[in-house]
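Notes for the one structure printed next.
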Amino acid sequence: MTPAPRSARRDVLAGAVALLREGGVGSPEHDAAELLAHVLGTSRGALALVDDVAADDLAAYGDLVARRAAREPLQHLTGVAGFRHVELAVGPGVFVPRPETELLAGWAIEQARLVTGRRPVVVDLCTGSGAIARSVADEVPQAVVHAVELDEAALVWAARNLAGTGVDLRAGSMADAFDDLLGTVDVVVCNPPYIPLEAWESVAPEARDHDPHLALFSGDDGLDALRVLERRARVLLHPGGVVGAEHADAQGASAPAVFVDAGGWLDVRDHRDLADRPRFLTARLAG
């Protein structure tokens with residue numbers, strides 16, 4: 001019997017990298033390896049142990065590489081997104097969590113851990129895939145975590161990712177969510193939409209063409225959702241409670257100004273990401 005044809009792993013990866021680079025993918029080597037590992041059911045680090053790729057796997061891999069070259073998100077193709085210490089199910093209909101948001105989640109986790117003598121209460125507004133809520137529940141198991149999502153499709157993904165975690169997930173708008181928690185919350189955290197409508201053309205195709213627009217765009221200046229967040233956090237938090245929210249790197253001054261101009265907030269400050277770009281703001285409710 002003639003053995004099934006196989007192709008050398010190095011050649012397969014090299015061809016995929018060239019195609020992804022031609023398509024404008026930002027990290028072609030990384031994505032080519034991730035997709036091959038996904039097809040082979042192994043890890044990216046273990047690919048070095050693979051000598052050849054079978055014809056059936058090569059066909060499946062070629063399809064995924066072509067879709068990625070057309071700028072379909074890597075996470076939609078693999079079905080998962082890593083976020084801090086958890087793995088999330090993602091796909092069409094939900095915003096794919098970004099690595100930079102891990103810093104905001106880390107801040108929320110640190111703040112929850114500072115609460116002593118009782119269980120900290122954390123609210124994740126605009127939860128999307130449930131990434132931040134899931135991370136808080138994972139790393140601060142004593143926390144009482146609540147999350148809300150408006151988009152019906154995203155809510156399905158959040159329910160899947162938060163199942164069995166104890167997180168209280170609700171359908172609704174952050175503008176009026178959690179009336180039963182007014183004045184009792186320790187930490188409000190949110191990754192709201194923050195892209196100005198006029199910036200449509202500058203958004204990467206992976207986000208513009210595949211992420212839900214409800215999770216991306218927020219008025220002419222990109223701050224409409226942040227203004228809603230400021231008003232809601234004000235009534236959800238107890239005096240001394242804290243809020244944190246992600247924003248665009250061009251909003252390092254304008255996003256904190258939403259809280260400063262509103263009054264009633266202390267310690268309003270901005271935080272930079274690992275690339276030294278403005279990334280999220282935090283504030284404490286005066287009391």
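As shown in the structure tokens, the chain order sets the letters A, B, ...; within each chain, residues go from 1, and ligands are also counted from 1 in the order they appear.
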
Test item: residues at most 7 Å from segment 224-229 of chain A, only C-alpha atoms, excluding those fewer than 2 positions along its chain, as a PyMOL selection string: chain A and resi 175+192-193+218-219+222+231-233+258

Output N, CA, C and O atoms for every residue in the selection just made, as a short mmCIF file (atom, residue, chain, number, x, y, z; two decimals), in the first residue's frame.
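selection_19.cif was written with the following content:
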data_model
loop_
_atom_site.label_atom_id
_atom_site.label_comp_id
_atom_site.auth_asym_id
_atom_site.auth_seq_id
_atom_site.Cartn_x
_atom_site.Cartn_y
_atom_site.Cartn_z
N ALA A 175 -26.41 50.88 31.59
CA ALA A 175 -26.98 52.16 32.02
C ALA A 175 -27.91 52.01 33.21
O ALA A 175 -28.07 52.95 34.01
N PRO A 192 -15.53 49.20 27.85
CA PRO A 192 -16.66 49.68 27.05
C PRO A 192 -16.24 49.89 25.59
O PRO A 192 -15.05 49.90 25.27
N PRO A 193 -17.21 50.07 24.70
CA PRO A 193 -16.85 50.54 23.36
C PRO A 193 -16.24 51.94 23.47
O PRO A 193 -16.71 52.75 24.26
N SER A 218 -18.54 54.26 19.82
CA SER A 218 -19.21 54.94 20.93
C SER A 218 -19.28 56.44 20.69
O SER A 218 -18.65 57.24 21.39
N GLY A 219 -20.07 56.85 19.69
CA GLY A 219 -20.31 58.27 19.46
C GLY A 219 -19.19 58.96 18.72
O GLY A 219 -18.18 58.36 18.34
N GLY A 222 -15.99 58.87 20.84
CA GLY A 222 -15.65 57.58 21.43
C GLY A 222 -15.87 57.49 22.92
O GLY A 222 -15.54 56.46 23.53
N ARG A 231 -21.78 57.56 35.24
CA ARG A 231 -23.04 57.76 35.96
C ARG A 231 -23.47 56.50 36.70
O ARG A 231 -23.97 56.58 37.83
N ARG A 232 -23.28 55.36 36.06
CA ARG A 232 -23.73 54.13 36.71
C ARG A 232 -22.81 53.72 37.85
O ARG A 232 -23.27 53.27 38.91
N ALA A 233 -21.51 53.85 37.66
CA ALA A 233 -20.57 53.51 38.72
C ALA A 233 -20.80 54.38 39.94
O ALA A 233 -20.65 53.91 41.08
N VAL A 258 -13.53 62.71 31.80
CA VAL A 258 -14.95 62.43 32.00
C VAL A 258 -15.27 62.36 33.49
O VAL A 258 -16.27 62.89 33.96
#

Give me every alpha helix (DSSP H) residue in segment 102-152 of chain A, going by DSSP on the backbone, as a PDB file with all heavy atoms, in the first residue's frame.
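Wrote selection21.pdb, looks like this:
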ATOM      1  N   GLU A 102      -5.936  42.466  29.835  1.00  0.00           N
ATOM      2  CA  GLU A 102      -5.508  41.697  31.001  1.00  0.00           C
ATOM      3  C   GLU A 102      -5.006  42.611  32.113  1.00  0.00           C
ATOM      4  O   GLU A 102      -5.105  42.280  33.298  1.00  0.00           O
ATOM      5  CB  GLU A 102      -4.435  40.696  30.603  1.00  0.00           C
ATOM      6  CG  GLU A 102      -4.928  39.616  29.652  1.00  0.00           C
ATOM      7  CD  GLU A 102      -3.840  38.603  29.315  1.00  0.00           C
ATOM      8  OE1 GLU A 102      -2.781  38.614  29.990  1.00  0.00           O
ATOM      9  OE2 GLU A 102      -4.054  37.801  28.397  1.00  0.00           O
ATOM     10  N   LEU A 103      -4.451  43.764  31.745  1.00  0.00           N
ATOM     11  CA  LEU A 103      -3.964  44.704  32.764  1.00  0.00           C
ATOM     12  C   LEU A 103      -5.123  45.284  33.562  1.00  0.00           C
ATOM     13  O   LEU A 103      -5.035  45.432  34.788  1.00  0.00           O
ATOM     14  CB  LEU A 103      -3.166  45.820  32.097  1.00  0.00           C
ATOM     15  CG  LEU A 103      -1.900  45.385  31.361  1.00  0.00           C
ATOM     16  CD1 LEU A 103      -1.269  46.591  30.671  1.00  0.00           C
ATOM     17  CD2 LEU A 103      -0.918  44.749  32.322  1.00  0.00           C
ATOM     18  N   LEU A 104      -6.205  45.643  32.891  1.00  0.00           N
ATOM     19  CA  LEU A 104      -7.388  46.140  33.589  1.00  0.00           C
ATOM     20  C   LEU A 104      -7.958  45.060  34.500  1.00  0.00           C
ATOM     21  O   LEU A 104      -8.323  45.335  35.648  1.00  0.00           O
ATOM     22  CB  LEU A 104      -8.430  46.603  32.575  1.00  0.00           C
ATOM     23  CG  LEU A 104      -9.792  47.019  33.136  1.00  0.00           C
ATOM     24  CD1 LEU A 104      -9.656  48.217  34.068  1.00  0.00           C
ATOM     25  CD2 LEU A 104     -10.772  47.329  31.995  1.00  0.00           C
ATOM     26  N   ALA A 105      -8.039  43.836  33.996  1.00  0.00           N
ATOM     27  CA  ALA A 105      -8.527  42.734  34.827  1.00  0.00           C
ATOM     28  C   ALA A 105      -7.630  42.539  36.040  1.00  0.00           C
ATOM     29  O   ALA A 105      -8.119  42.300  37.150  1.00  0.00           O
ATOM     30  CB  ALA A 105      -8.591  41.451  34.000  1.00  0.00           C
ATOM     31  N   GLY A 106      -6.325  42.652  35.835  1.00  0.00           N
ATOM     32  CA  GLY A 106      -5.395  42.515  36.951  1.00  0.00           C
ATOM     33  C   GLY A 106      -5.605  43.578  38.003  1.00  0.00           C
ATOM     34  O   GLY A 106      -5.509  43.308  39.211  1.00  0.00           O
ATOM     35  N   TRP A 107      -5.885  44.807  37.552  1.00  0.00           N
ATOM     36  CA  TRP A 107      -6.185  45.881  38.505  1.00  0.00           C
ATOM     37  C   TRP A 107      -7.430  45.540  39.314  1.00  0.00           C
ATOM     38  O   TRP A 107      -7.447  45.706  40.550  1.00  0.00           O
ATOM     39  CB  TRP A 107      -6.390  47.203  37.760  1.00  0.00           C
ATOM     40  CG  TRP A 107      -6.941  48.287  38.630  1.00  0.00           C
ATOM     41  CD1 TRP A 107      -6.240  49.145  39.432  1.00  0.00           C
ATOM     42  CD2 TRP A 107      -8.325  48.605  38.814  1.00  0.00           C
ATOM     43  NE1 TRP A 107      -7.100  49.979  40.111  1.00  0.00           N
ATOM     44  CE2 TRP A 107      -8.388  49.664  39.743  1.00  0.00           C
ATOM     45  CE3 TRP A 107      -9.509  48.088  38.283  1.00  0.00           C
ATOM     46  CZ2 TRP A 107      -9.600  50.216  40.160  1.00  0.00           C
ATOM     47  CZ3 TRP A 107     -10.719  48.633  38.689  1.00  0.00           C
ATOM     48  CH2 TRP A 107     -10.749  49.696  39.619  1.00  0.00           C
ATOM     49  N   ALA A 108      -8.492  45.066  38.658  1.00  0.00           N
ATOM     50  CA  ALA A 108      -9.728  44.724  39.361  1.00  0.00           C
ATOM     51  C   ALA A 108      -9.484  43.611  40.375  1.00  0.00           C
ATOM     52  O   ALA A 108     -10.027  43.636  41.493  1.00  0.00           O
ATOM     53  CB  ALA A 108     -10.797  44.303  38.355  1.00  0.00           C
ATOM     54  N   ILE A 109      -8.665  42.648  39.988  1.00  0.00           N
ATOM     55  CA  ILE A 109      -8.338  41.548  40.902  1.00  0.00           C
ATOM     56  C   ILE A 109      -7.591  42.070  42.126  1.00  0.00           C
ATOM     57  O   ILE A 109      -7.891  41.693  43.270  1.00  0.00           O
ATOM     58  CB  ILE A 109      -7.504  40.499  40.138  1.00  0.00           C
ATOM     59  CG1 ILE A 109      -8.410  39.746  39.154  1.00  0.00           C
ATOM     60  CG2 ILE A 109      -6.806  39.534  41.091  1.00  0.00           C
ATOM     61  CD1 ILE A 109      -7.658  38.986  38.086  1.00  0.00           C
ATOM     62  N   GLU A 110      -6.624  42.961  41.909  1.00  0.00           N
ATOM     63  CA  GLU A 110      -5.874  43.529  43.034  1.00  0.00           C
ATOM     64  C   GLU A 110      -6.795  44.301  43.971  1.00  0.00           C
ATOM     65  O   GLU A 110      -6.673  44.211  45.209  1.00  0.00           O
ATOM     66  CB  GLU A 110      -4.782  44.462  42.504  1.00  0.00           C
ATOM     67  CG  GLU A 110      -3.666  43.736  41.764  1.00  0.00           C
ATOM     68  CD  GLU A 110      -2.707  44.715  41.112  1.00  0.00           C
ATOM     69  OE1 GLU A 110      -2.947  45.938  41.208  1.00  0.00           O
ATOM     70  OE2 GLU A 110      -1.720  44.256  40.489  1.00  0.00           O
ATOM     71  N   GLN A 111      -7.712  45.068  43.414  1.00  0.00           N
ATOM     72  CA  GLN A 111      -8.623  45.854  44.241  1.00  0.00           C
ATOM     73  C   GLN A 111      -9.561  44.951  45.038  1.00  0.00           C
ATOM     74  O   GLN A 111      -9.871  45.227  46.204  1.00  0.00           O
ATOM     75  CB  GLN A 111      -9.426  46.816  43.370  1.00  0.00           C
ATOM     76  CG  GLN A 111      -8.597  47.882  42.681  1.00  0.00           C
ATOM     77  CD  GLN A 111      -7.830  48.746  43.662  1.00  0.00           C
ATOM     78  OE1 GLN A 111      -8.400  49.246  44.635  1.00  0.00           O
ATOM     79  NE2 GLN A 111      -6.544  48.912  43.422  1.00  0.00           N
ATOM     80  N   ALA A 112     -10.024  43.875  44.420  1.00  0.00           N
ATOM     81  CA  ALA A 112     -10.906  42.950  45.137  1.00  0.00           C
ATOM     82  C   ALA A 112     -10.167  42.293  46.299  1.00  0.00           C
ATOM     83  O   ALA A 112     -10.742  42.078  47.377  1.00  0.00           O
ATOM     84  CB  ALA A 112     -11.430  41.889  44.169  1.00  0.00           C
ATOM     85  N   ARG A 113      -8.905  41.993  46.099  1.00  0.00           N
ATOM     86  CA  ARG A 113      -8.119  41.357  47.159  1.00  0.00           C
ATOM     87  C   ARG A 113      -7.860  42.283  48.335  1.00  0.00           C
ATOM     88  O   ARG A 113      -7.536  41.815  49.438  1.00  0.00           O
ATOM     89  CB  ARG A 113      -6.795  40.873  46.579  1.00  0.00           C
ATOM     90  CG  ARG A 113      -6.921  39.640  45.693  1.00  0.00           C
ATOM     91  CD  ARG A 113      -5.606  39.306  45.035  1.00  0.00           C
ATOM     92  NE  ARG A 113      -5.670  38.035  44.293  1.00  0.00           N
ATOM     93  CZ  ARG A 113      -4.794  37.645  43.394  1.00  0.00           C
ATOM     94  NH1 ARG A 113      -3.735  38.429  43.112  1.00  0.00           N
ATOM     95  NH2 ARG A 113      -4.922  36.485  42.772  1.00  0.00           N
ATOM     96  N   ALA A 131     -14.688  37.768  29.867  1.00  0.00           N
ATOM     97  CA  ALA A 131     -13.261  37.618  30.163  1.00  0.00           C
ATOM     98  C   ALA A 131     -12.869  38.167  31.532  1.00  0.00           C
ATOM     99  O   ALA A 131     -12.217  37.480  32.328  1.00  0.00           O
ATOM    100  CB  ALA A 131     -12.434  38.296  29.070  1.00  0.00           C
ATOM    101  N   ILE A 132     -13.266  39.408  31.825  1.00  0.00           N
ATOM    102  CA  ILE A 132     -12.843  40.016  33.085  1.00  0.00           C
ATOM    103  C   ILE A 132     -13.550  39.341  34.254  1.00  0.00           C
ATOM    104  O   ILE A 132     -12.918  38.997  35.259  1.00  0.00           O
ATOM    105  CB  ILE A 132     -13.110  41.534  33.071  1.00  0.00           C
ATOM    106  CG1 ILE A 132     -12.240  42.217  32.013  1.00  0.00           C
ATOM    107  CG2 ILE A 132     -12.832  42.136  34.445  1.00  0.00           C
ATOM    108  CD1 ILE A 132     -12.474  43.708  31.875  1.00  0.00           C
ATOM    109  N   ALA A 133     -14.852  39.133  34.128  1.00  0.00           N
ATOM    110  CA  ALA A 133     -15.596  38.484  35.210  1.00  0.00           C
ATOM    111  C   ALA A 133     -15.039  37.101  35.495  1.00  0.00           C
ATOM    112  O   ALA A 133     -14.894  36.697  36.664  1.00  0.00           O
ATOM    113  CB  ALA A 133     -17.073  38.408  34.839  1.00  0.00           C
ATOM    114  N   ARG A 134     -14.727  36.359  34.455  1.00  0.00           N
ATOM    115  CA  ARG A 134     -14.178  35.010  34.625  1.00  0.00           C
ATOM    116  C   ARG A 134     -12.829  35.060  35.329  1.00  0.00           C
ATOM    117  O   ARG A 134     -12.539  34.231  36.218  1.00  0.00           O
ATOM    118  CB  ARG A 134     -14.047  34.354  33.255  1.00  0.00           C
ATOM    119  CG  ARG A 134     -13.335  33.009  33.231  1.00  0.00           C
ATOM    120  CD  ARG A 134     -14.185  31.861  33.702  1.00  0.00           C
ATOM    121  NE  ARG A 134     -13.440  30.615  33.626  1.00  0.00           N
ATOM    122  CZ  ARG A 134     -13.376  29.828  32.550  1.00  0.00           C
ATOM    123  NH1 ARG A 134     -14.069  30.165  31.460  1.00  0.00           N
ATOM    124  NH2 ARG A 134     -12.684  28.711  32.569  1.00  0.00           N
ATOM    125  N   SER A 135     -11.990  36.016  34.971  1.00  0.00           N
ATOM    126  CA  SER A 135     -10.678  36.125  35.591  1.00  0.00           C
ATOM    127  C   SER A 135     -10.777  36.495  37.065  1.00  0.00           C
ATOM    128  O   SER A 135     -10.041  35.964  37.906  1.00  0.00           O
ATOM    129  CB  SER A 135      -9.827  37.150  34.842  1.00  0.00           C
ATOM    130  OG  SER A 135      -9.473  36.673  33.568  1.00  0.00           O
ATOM    131  N   VAL A 136     -11.682  37.422  37.389  1.00  0.00           N
ATOM    132  CA  VAL A 136     -11.857  37.798  38.795  1.00  0.00           C
ATOM    133  C   VAL A 136     -12.337  36.591  39.599  1.00  0.00           C
ATOM    134  O   VAL A 136     -11.826  36.304  40.689  1.00  0.00           O
ATOM    135  CB  VAL A 136     -12.835  38.973  38.933  1.00  0.00           C
ATOM    136  CG1 VAL A 136     -13.111  39.268  40.408  1.00  0.00           C
ATOM    137  CG2 VAL A 136     -12.285  40.217  38.242  1.00  0.00           C
ATOM    138  N   ALA A 137     -13.324  35.877  39.069  1.00  0.00           N
ATOM    139  CA  ALA A 137     -13.837  34.708  39.768  1.00  0.00           C
ATOM    140  C   ALA A 137     -12.761  33.635  39.928  1.00  0.00           C
ATOM    141  O   ALA A 137     -12.703  32.933  40.948  1.00  0.00           O
ATOM    142  CB  ALA A 137     -15.036  34.138  39.022  1.00  0.00           C
ATOM    143  N   ASP A 138     -11.890  33.521  38.935  1.00  0.00           N
ATOM    144  CA  ASP A 138     -10.831  32.519  38.961  1.00  0.00           C
ATOM    145  C   ASP A 138      -9.748  32.867  39.966  1.00  0.00           C
ATOM    146  O   ASP A 138      -9.266  31.992  40.699  1.00  0.00           O
ATOM    147  CB  ASP A 138     -10.224  32.397  37.557  1.00  0.00           C
ATOM    148  CG  ASP A 138      -9.049  31.430  37.503  1.00  0.00           C
ATOM    149  OD1 ASP A 138      -9.269  30.237  37.756  1.00  0.00           O
ATOM    150  OD2 ASP A 138      -7.912  31.872  37.228  1.00  0.00           O
ATOM    151  N   GLU A 139      -9.378  34.140  40.039  1.00  0.00           N
ATOM    152  CA  GLU A 139      -8.235  34.542  40.858  1.00  0.00           C
ATOM    153  C   GLU A 139      -8.616  35.090  42.231  1.00  0.00           C
ATOM    154  O   GLU A 139      -7.758  35.201  43.110  1.00  0.00           O
ATOM    155  CB  GLU A 139      -7.395  35.564  40.093  1.00  0.00           C
ATOM    156  CG  GLU A 139      -6.813  34.989  38.800  1.00  0.00           C
ATOM    157  CD  GLU A 139      -5.928  35.975  38.064  1.00  0.00           C
ATOM    158  OE1 GLU A 139      -5.015  36.548  38.704  1.00  0.00           O
ATOM    159  OE2 GLU A 139      -6.153  36.192  36.856  1.00  0.00           O
ATOM    160  N   GLU A 152     -27.315  40.200  22.472  1.00  0.00           N
ATOM    161  CA  GLU A 152     -27.824  38.840  22.661  1.00  0.00           C
ATOM    162  C   GLU A 152     -26.818  37.781  22.218  1.00  0.00           C
ATOM    163  O   GLU A 152     -26.660  36.745  22.881  1.00  0.00           O
ATOM    164  CB  GLU A 152     -29.142  38.664  21.903  1.00  0.00           C
ATOM    165  CG  GLU A 152     -30.296  39.479  22.479  1.00  0.00           C
ATOM    166  CD  GLU A 152     -31.598  39.233  21.736  1.00  0.00           C
ATOM    167  OE1 GLU A 152     -31.610  38.399  20.805  1.00  0.00           O
ATOM    168  OE2 GLU A 152     -32.605  39.862  22.095  1.00  0.00           O
TER     169      GLU A 152
END

Who sits within 9 Å of Ala18 of chain A, only C-alpha atoms, same chain under 5 positions skipped, as a PDB file with N, CA, C and O atoms, in the first residue's frame:
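What follows is the written file result-v1.pdb:
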ATOM      1  N   LEU A  13       4.948  25.515   7.123  1.00  0.00           N
ATOM      2  CA  LEU A  13       4.918  26.760   7.889  1.00  0.00           C
ATOM      3  C   LEU A  13       5.442  27.927   7.065  1.00  0.00           C
ATOM      4  O   LEU A  13       4.878  29.028   7.104  1.00  0.00           O
ATOM      5  N   GLY A  23      -1.107  38.915   3.183  1.00  0.00           N
ATOM      6  CA  GLY A  23      -2.441  39.386   3.555  1.00  0.00           C
ATOM      7  C   GLY A  23      -2.437  40.518   4.560  1.00  0.00           C
ATOM      8  O   GLY A  23      -3.494  41.052   4.903  1.00  0.00           O
ATOM      9  N   PRO A  28       2.620  37.033  11.404  1.00  0.00           N
ATOM     10  CA  PRO A  28       2.414  35.850  10.553  1.00  0.00           C
ATOM     11  C   PRO A  28       3.053  34.578  11.090  1.00  0.00           C
ATOM     12  O   PRO A  28       2.473  33.498  10.986  1.00  0.00           O
ATOM     13  N   GLU A  29       4.250  34.685  11.679  1.00  0.00           N
ATOM     14  CA  GLU A  29       4.907  33.485  12.202  1.00  0.00           C
ATOM     15  C   GLU A  29       4.113  32.893  13.357  1.00  0.00           C
ATOM     16  O   GLU A  29       3.894  31.677  13.425  1.00  0.00           O
TER      17      GLU A  29
END

List every residue of segment 20-233 of chain A that DSSP, applied to the backbone, labels as strand (DSSP E or B), and write the result as a PyMOL selection string. chain A and resi 52-54+80-83+86-89+121-125+144-149+168-171+185-190+195+217

For those residues, write C-alpha atoms to a file as a PDB file, in the first residue's frame.
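As written to disk, out_1.pdb reads:
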ATOM      1  CA  ASP A  52       5.758  16.023   8.467  1.00  0.00           C
ATOM      2  CA  VAL A  53       2.137  17.026   7.931  1.00  0.00           C
ATOM      3  CA  ALA A  54      -0.317  14.531   6.446  1.00  0.00           C
ATOM      4  CA  VAL A  80     -10.523  29.961  21.846  1.00  0.00           C
ATOM      5  CA  ALA A  81      -8.788  33.001  23.318  1.00  0.00           C
ATOM      6  CA  GLY A  82      -6.369  32.880  26.214  1.00  0.00           C
ATOM      7  CA  PHE A  83      -6.899  35.581  28.845  1.00  0.00           C
ATOM      8  CA  VAL A  86      -8.241  31.112  31.688  1.00  0.00           C
ATOM      9  CA  GLU A  87      -9.246  29.975  28.212  1.00  0.00           C
ATOM     10  CA  LEU A  88     -12.375  31.484  26.699  1.00  0.00           C
ATOM     11  CA  ALA A  89     -14.630  30.197  23.950  1.00  0.00           C
ATOM     12  CA  VAL A 121     -18.423  42.635  45.437  1.00  0.00           C
ATOM     13  CA  VAL A 122     -17.270  43.150  41.840  1.00  0.00           C
ATOM     14  CA  VAL A 123     -19.401  44.257  38.886  1.00  0.00           C
ATOM     15  CA  ASP A 124     -18.246  43.787  35.275  1.00  0.00           C
ATOM     16  CA  LEU A 125     -20.218  46.029  32.942  1.00  0.00           C
ATOM     17  CA  VAL A 144     -19.091  37.911  44.587  1.00  0.00           C
ATOM     18  CA  VAL A 145     -18.944  38.703  40.870  1.00  0.00           C
ATOM     19  CA  HIS A 146     -21.762  40.144  38.767  1.00  0.00           C
ATOM     20  CA  ALA A 147     -21.692  40.750  35.006  1.00  0.00           C
ATOM     21  CA  VAL A 148     -24.048  42.247  32.425  1.00  0.00           C
ATOM     22  CA  GLU A 149     -24.168  42.185  28.623  1.00  0.00           C
ATOM     23  CA  ASP A 168     -24.191  36.317  38.334  1.00  0.00           C
ATOM     24  CA  LEU A 169     -24.652  36.991  34.608  1.00  0.00           C
ATOM     25  CA  ARG A 170     -27.568  39.148  33.480  1.00  0.00           C
ATOM     26  CA  ALA A 171     -28.915  40.430  30.187  1.00  0.00           C
ATOM     27  CA  VAL A 185     -20.247  47.490  45.182  1.00  0.00           C
ATOM     28  CA  ASP A 186     -16.507  47.531  45.895  1.00  0.00           C
ATOM     29  CA  VAL A 187     -15.178  47.386  42.333  1.00  0.00           C
ATOM     30  CA  VAL A 188     -16.795  48.337  39.025  1.00  0.00           C
ATOM     31  CA  VAL A 189     -14.782  47.314  35.985  1.00  0.00           C
ATOM     32  CA  CYS A 190     -15.624  47.836  32.328  1.00  0.00           C
ATOM     33  CA  ILE A 195     -13.830  53.974  19.092  1.00  0.00           C
ATOM     34  CA  PHE A 217     -18.047  52.331  18.436  1.00  0.00           C
TER      35      PHE A 217
END

Nearby residues (only C-alpha atoms) at most 12 Å from Asp63 of chain A, same-chain spacing under 3 positions excluded, as a PDB file with C-alpha atoms, in the first residue's frame:
ATOM      1  CA  ALA A  16       1.717  29.803   5.438  1.00  0.00           C
ATOM      2  CA  LEU A  19       0.614  33.955   2.613  1.00  0.00           C
ATOM      3  CA  ALA A  32       0.891  30.229  11.220  1.00  0.00           C
ATOM      4  CA  LEU A  35      -3.132  27.376  13.317  1.00  0.00           C
ATOM      5  CA  LEU A  36      -0.941  24.368  12.566  1.00  0.00           C
ATOM      6  CA  VAL A  39      -5.083  21.434  13.232  1.00  0.00           C
ATOM      7  CA  ASP A  56      -5.669  15.624   5.199  1.00  0.00           C
ATOM      8  CA  ASP A  57      -4.209  17.917   7.850  1.00  0.00           C
ATOM      9  CA  LEU A  58      -2.524  19.989   5.172  1.00  0.00           C
ATOM     10  CA  ALA A  59      -5.847  20.583   3.422  1.00  0.00           C
ATOM     11  CA  ALA A  60      -7.534  21.671   6.654  1.00  0.00           C
ATOM     12  CA  ALA A  66      -6.495  31.336   3.683  1.00  0.00           C
ATOM     13  CA  ARG A  67      -9.234  32.548   6.021  1.00  0.00           C
ATOM     14  CA  ARG A  68      -6.678  34.139   8.320  1.00  0.00           C
ATOM     15  CA  ALA A  69      -4.992  35.822   5.354  1.00  0.00           C
ATOM     16  CA  ALA A  70      -8.409  37.292   4.546  1.00  0.00           C
ATOM     17  CA  GLU A  72     -10.681  36.514   9.850  1.00  0.00           C
ATOM     18  CA  LEU A  77     -10.524  29.990  13.626  1.00  0.00           C
TER      19      LEU A  77
END

Quick check, in Å to one decimal: how far apart do atom CA of Arg269 of chain A and atom CA of Leu281 of chain A lie? 5.7 Å

Spatial neighbours of Pro212 of chain A, 12 Å, only C-alpha atoms, chain gap at least 5 places, as an mmCIF file with C-alpha atoms, in the first residue's frame:
data_model
loop_
_atom_site.group_PDB
_atom_site.id
_atom_site.type_symbol
_atom_site.label_atom_id
_atom_site.label_comp_id
_atom_site.auth_asym_id
_atom_site.auth_seq_id
_atom_site.Cartn_x
_atom_site.Cartn_y
_atom_site.Cartn_z
ATOM 1 C CA GLY A 91 -16.410 33.166 17.769
ATOM 2 C CA PRO A 92 -18.696 35.253 15.550
ATOM 3 C CA GLY A 93 -20.919 37.557 17.569
ATOM 4 C CA VAL A 94 -18.607 38.366 20.461
ATOM 5 C CA PHE A 95 -15.726 40.795 20.921
ATOM 6 C CA VAL A 96 -12.434 38.915 21.065
ATOM 7 C CA GLY A 128 -18.734 40.606 26.323
ATOM 8 C CA SER A 129 -17.165 37.147 26.366
ATOM 9 C CA LEU A 150 -26.591 43.889 26.253
ATOM 10 C CA ASP A 151 -25.877 42.103 22.969
ATOM 11 C CA GLU A 152 -27.824 38.840 22.661
ATOM 12 C CA ALA A 153 -25.181 37.025 20.618
ATOM 13 C CA ALA A 154 -22.380 38.025 22.985
ATOM 14 C CA LEU A 155 -24.513 36.981 25.948
ATOM 15 C CA PRO A 193 -16.846 50.537 23.359
ATOM 16 C CA GLU A 206 -10.262 41.708 12.216
ATOM 17 C CA ALA A 207 -12.239 44.011 14.515
ATOM 18 C CA PHE A 217 -18.047 52.331 18.436
#

Grab the atom CA of Ala257 of chain A to atom CA of Arg234 of chain A distance for me, in Å with one decimal place.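 Between atom CA of Ala257 of chain A and atom CA of Arg234 of chain A the gap works out to 15.2 Å.
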
Provide the atom CA of Glu22 of chain A to atom CA of Asp273 of chain A distance in Å, to one decimal place.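 Result for atom CA of Glu22 of chain A versus atom CA of Asp273 of chain A: 28.9 Å, one decimal.
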